[in-house]
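Here's the structure, in structure tokens; my notes come after.
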Amino acid sequence: MAGLNNKRLNSLLKYIFLILFGYIFLYPFLFLISSSFKTDAEIMTSLSLIPRKGIVLDSYIKGWIGLGRQTFGHFLLNSCEIVIPVVIFSIISSCFVSYGFARFKFRFRNVFFFIMISTLMLPNAVTIIPKYILFVQLGWINTYNVFIIPALFATNSFFIYMMMQYMRSIPKELDEAAFVDGCSTFDIFLRIMMPLCKPAVFSIAIFQTVWTWNDFFNPLIFISRVQKYTVMQALRMSMDTTSQVSWGPIMAMAFVSMIPCIVLFFSAQDYFIEGIATTGIKG
């Protein structure tokens, strides 16, 4: 009986610890939502999650109207115009390159793989100047080609490595059986590998969506026209330092900008968790 009580006590303490730990991580997000219903004065003076000086309901309307001629919806569409093709092309190109590394033996494969992995150690600040010079010569500045075209060539080594490790965990006997049945190499890739790699594909989609959607630095460098601004740039533009900042609308639009990523993650979280858990089973 004493042992059972100890187990219940341990379970209770674990749940209490997890709840408190979860609350610490969720507090900034909850504060963001609650701040969208507070006055500017209360946002700066109170850490409470419950508005105490009245609920402000027009922050979302003011934030959506935005500044200048463009509404916040215009900037959301701009971000979608970048994110959707970048995610699609990143998945396709990464899968093709990963399939080559995982299933084929060719000359200098290890050398190419080493070069590809070594690019993971290059910070974005190191490559931004050569990329800017190249894009200026190509005439891509102030266009979305600077984001979309590189995605066609599998420029993210992390996705290639993750997908390659997942493909290597799939038995080669499936390829051999499909080849005996008359499938070509492309058929094996399309009909055998891709359905089995669905968790890894969803993982790439979630990572790339979140990273591209939340990217502020690269659009700041390559996009200077307000009409082409993304969501992150629009939020920064709302913080006009020449006058008083209206924090309520900014908090409201910050929450709105998070909704697509939140919906995507919870819609595909089962595949995402499976993809992360099973990636790297084989070395």
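Convention: chains lettered A, B, ... in structure tokens order; per-chain residue numbering from 1; ligands numbered from 1 as shown.
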TODO: Among the residues of range 31-122 of chain A, find those DSSP assigns to helix (DSSP H, G or I) from the backbone and print them as number ranges by chain.
DONE: A: 31-35, 40-45, 59-65, 72-103, 109-121
Keeping only C-alpha atoms, write the selected residues as a PDB file, in the first residue's frame.
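Output (result_29.pdb):
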```pdb
ATOM      1  CA  PHE A  31       1.082  37.197 -22.772  1.00  0.00           C
ATOM      2  CA  LEU A  32       1.177  38.029 -26.477  1.00  0.00           C
ATOM      3  CA  ILE A  33      -2.464  37.008 -26.908  1.00  0.00           C
ATOM      4  CA  SER A  34      -3.638  38.805 -23.783  1.00  0.00           C
ATOM      5  CA  SER A  35      -1.696  41.952 -24.732  1.00  0.00           C
ATOM      6  CA  ASP A  40      -0.781  50.276 -24.361  1.00  0.00           C
ATOM      7  CA  ALA A  41      -0.348  51.564 -20.800  1.00  0.00           C
ATOM      8  CA  GLU A  42      -1.348  48.227 -19.277  1.00  0.00           C
ATOM      9  CA  ILE A  43       0.914  46.273 -21.635  1.00  0.00           C
ATOM     10  CA  MET A  44       3.933  48.209 -20.394  1.00  0.00           C
ATOM     11  CA  THR A  45       3.023  48.147 -16.703  1.00  0.00           C
ATOM     12  CA  SER A  59      -6.473  46.232 -31.900  1.00  0.00           C
ATOM     13  CA  TYR A  60      -7.032  43.579 -34.565  1.00  0.00           C
ATOM     14  CA  ILE A  61      -8.925  46.038 -36.776  1.00  0.00           C
ATOM     15  CA  LYS A  62      -6.281  48.748 -36.441  1.00  0.00           C
ATOM     16  CA  GLY A  63      -3.465  46.262 -36.939  1.00  0.00           C
ATOM     17  CA  TRP A  64      -5.104  44.768 -40.042  1.00  0.00           C
ATOM     18  CA  ILE A  65      -5.606  48.207 -41.592  1.00  0.00           C
ATOM     19  CA  PHE A  72      -1.647  43.541 -43.174  1.00  0.00           C
ATOM     20  CA  GLY A  73      -3.419  41.031 -45.423  1.00  0.00           C
ATOM     21  CA  HIS A  74      -1.285  42.249 -48.322  1.00  0.00           C
ATOM     22  CA  PHE A  75       1.886  41.356 -46.415  1.00  0.00           C
ATOM     23  CA  LEU A  76       0.434  37.968 -45.483  1.00  0.00           C
ATOM     24  CA  LEU A  77      -0.101  37.242 -49.169  1.00  0.00           C
ATOM     25  CA  ASN A  78       3.468  38.342 -49.892  1.00  0.00           C
ATOM     26  CA  SER A  79       4.798  35.862 -47.341  1.00  0.00           C
ATOM     27  CA  CYS A  80       2.603  33.124 -48.805  1.00  0.00           C
ATOM     28  CA  GLU A  81       3.917  33.976 -52.267  1.00  0.00           C
ATOM     29  CA  ILE A  82       7.405  33.219 -50.991  1.00  0.00           C
ATOM     30  CA  VAL A  83       6.736  30.344 -48.595  1.00  0.00           C
ATOM     31  CA  ILE A  84       4.562  28.107 -50.795  1.00  0.00           C
ATOM     32  CA  PRO A  85       6.942  27.737 -53.784  1.00  0.00           C
ATOM     33  CA  VAL A  86      10.021  27.650 -51.529  1.00  0.00           C
ATOM     34  CA  VAL A  87       8.580  24.773 -49.478  1.00  0.00           C
ATOM     35  CA  ILE A  88       7.440  22.814 -52.550  1.00  0.00           C
ATOM     36  CA  PHE A  89      10.711  23.240 -54.437  1.00  0.00           C
ATOM     37  CA  SER A  90      12.794  22.503 -51.335  1.00  0.00           C
ATOM     38  CA  ILE A  91      10.980  19.214 -50.805  1.00  0.00           C
ATOM     39  CA  ILE A  92      11.297  18.122 -54.438  1.00  0.00           C
ATOM     40  CA  SER A  93      14.953  19.068 -54.864  1.00  0.00           C
ATOM     41  CA  SER A  94      16.030  17.735 -51.461  1.00  0.00           C
ATOM     42  CA  CYS A  95      14.326  14.406 -52.093  1.00  0.00           C
ATOM     43  CA  PHE A  96      16.019  13.974 -55.470  1.00  0.00           C
ATOM     44  CA  VAL A  97      19.482  14.783 -54.122  1.00  0.00           C
ATOM     45  CA  SER A  98      18.965  12.641 -51.030  1.00  0.00           C
ATOM     46  CA  TYR A  99      17.855   9.705 -53.168  1.00  0.00           C
ATOM     47  CA  GLY A 100      21.073   9.957 -55.151  1.00  0.00           C
ATOM     48  CA  PHE A 101      23.252   9.970 -52.039  1.00  0.00           C
ATOM     49  CA  ALA A 102      21.268   7.225 -50.290  1.00  0.00           C
ATOM     50  CA  ARG A 103      20.837   4.703 -53.107  1.00  0.00           C
ATOM     51  CA  ARG A 109      30.260  10.619 -53.835  1.00  0.00           C
ATOM     52  CA  ASN A 110      31.989  10.912 -50.473  1.00  0.00           C
ATOM     53  CA  VAL A 111      33.751  14.092 -51.588  1.00  0.00           C
ATOM     54  CA  PHE A 112      30.473  15.673 -52.699  1.00  0.00           C
ATOM     55  CA  PHE A 113      28.807  14.569 -49.487  1.00  0.00           C
ATOM     56  CA  PHE A 114      31.619  16.089 -47.402  1.00  0.00           C
ATOM     57  CA  ILE A 115      31.343  19.382 -49.277  1.00  0.00           C
ATOM     58  CA  MET A 116      27.592  19.376 -48.828  1.00  0.00           C
ATOM     59  CA  ILE A 117      27.815  18.721 -45.075  1.00  0.00           C
ATOM     60  CA  SER A 118      30.552  21.308 -44.630  1.00  0.00           C
ATOM     61  CA  THR A 119      28.179  24.041 -45.831  1.00  0.00           C
ATOM     62  CA  LEU A 120      26.209  23.509 -42.627  1.00  0.00           C
ATOM     63  CA  MET A 121      29.061  25.185 -40.767  1.00  0.00           C
TER      64      MET A 121
END
```
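If you count only C-alpha atoms and ignore residues fewer than 4 places along the chain from Ile170 in chain A, what sits within 9 Å of it is Tyr166, Leu174, Met193, Leu196 and Cys197 of chain A.
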Residues just named, written with C-alpha atoms as a PDB file, in the first residue's frame:
```pdb
ATOM      1  CA  TYR A 166      15.596   8.459 -43.535  1.00  0.00           C
ATOM      2  CA  LEU A 174      12.167  -3.082 -51.546  1.00  0.00           C
ATOM      3  CA  MET A 193      10.537   5.793 -51.596  1.00  0.00           C
ATOM      4  CA  LEU A 196       7.553   5.685 -47.214  1.00  0.00           C
ATOM      5  CA  CYS A 197       9.333   8.998 -46.649  1.00  0.00           C
TER       6      CYS A 197
END
```
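Candidate residues A:Ile223, A:Leu49, A:Ala177, A:Ile160 were compared for distance to Trp140 in chain A, and the nearest is A:Ile223, using only C-alpha atoms.
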- [ ] May I have the residues within 7 Å of range 254-271 of chain A as a PyMOL selection string, using only C-alpha atoms and disregarding those fewer than 6 positions away in the same chain?
- [x] chain A and resi 32-33+199+202+206+210+231
Go ahead and save the picked residues with C-alpha atoms, as a PDB file, in the first residue's frame.
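For reference, out-v4.pdb as written:
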```pdb
ATOM      1  CA  LEU A  32       1.177  38.029 -26.477  1.00  0.00           C
ATOM      2  CA  ILE A  33      -2.464  37.008 -26.908  1.00  0.00           C
ATOM      3  CA  PRO A 199       7.080  11.656 -42.273  1.00  0.00           C
ATOM      4  CA  PHE A 202       6.302  16.644 -43.579  1.00  0.00           C
ATOM      5  CA  ILE A 206       7.246  22.296 -41.321  1.00  0.00           C
ATOM      6  CA  VAL A 210       8.531  28.180 -40.160  1.00  0.00           C
ATOM      7  CA  VAL A 231       4.964  39.730 -42.576  1.00  0.00           C
TER       8      VAL A 231
END
```
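Going from CA of Asn214 in chain A over to CA of Met232 in chain A, you cover 6.4 Å.
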- [ ] Give me, please, the distance in Å between CA of Trp247 in chain A and CA of Thr39 in chain A, quoted to one decimal.
- [x] 8.1 Å
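For the pair CA of Met251 in chain A and CA of Leu235 in chain A, the interatomic distance is 9.2 Å.
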Do you know which residues are at most 10 Å from Met237 in chain A counting only C-alpha atoms, after dropping those on the same chain fewer than 6 positions away, and could you put them as an mmCIF file with C-alpha atoms, in the first residue's frame?
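Resulting contents of part_3.cif:
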```
data_model
loop_
_atom_site.group_PDB
_atom_site.id
_atom_site.type_symbol
_atom_site.label_atom_id
_atom_site.label_comp_id
_atom_site.auth_asym_id
_atom_site.auth_seq_id
_atom_site.Cartn_x
_atom_site.Cartn_y
_atom_site.Cartn_z
ATOM 1 C CA GLY A 66 -1.902 48.784 -41.077
ATOM 2 C CA LEU A 67 0.160 51.748 -42.162
ATOM 3 C CA VAL A 226 7.244 48.299 -49.216
ATOM 4 C CA TYR A 229 7.485 43.392 -47.716
ATOM 5 C CA VAL A 231 4.964 39.730 -42.576
ATOM 6 C CA ILE A 250 1.394 45.029 -33.085
#
```
Open item on the list: Just checking: using only C-alpha atoms, which residue out of A:Ser36, A:Ser238, A:Phe135, A:Ser11 ends up closest to Ile149 in chain A?
Closed with: A:Phe135
- [ ] Measuring atom to atom with only C-alpha atoms, identify which of A:Gln227, A:Asn10, A:Gln208, A:Thr127 is nearest to Arg69 in chain A.
- [x] A:Gln227
TODO: Could you give me, as a VMD selection string, the residues within 8 Å of Gln233 in chain A, counting only C-alpha atoms and dropping anything in the same chain fewer than 3 positions from it?
DONE: chain A and resid 216 219 to 220 229 to 230 236 to 237
Would you mind exporting C-alpha atoms of the selected residues as a compact mmCIF listing (two decimals), in the first residue's frame?
```txt
# COMPACT_ATOMS: atom_id res chain seq x y z
CA PHE A 216 13.50 38.77 -41.25
CA PRO A 219 14.06 39.93 -46.84
CA LEU A 220 15.58 42.95 -45.10
CA TYR A 229 7.49 43.39 -47.72
CA THR A 230 6.84 40.15 -45.85
CA ARG A 236 8.89 45.91 -37.85
CA MET A 237 7.54 48.75 -39.98
```
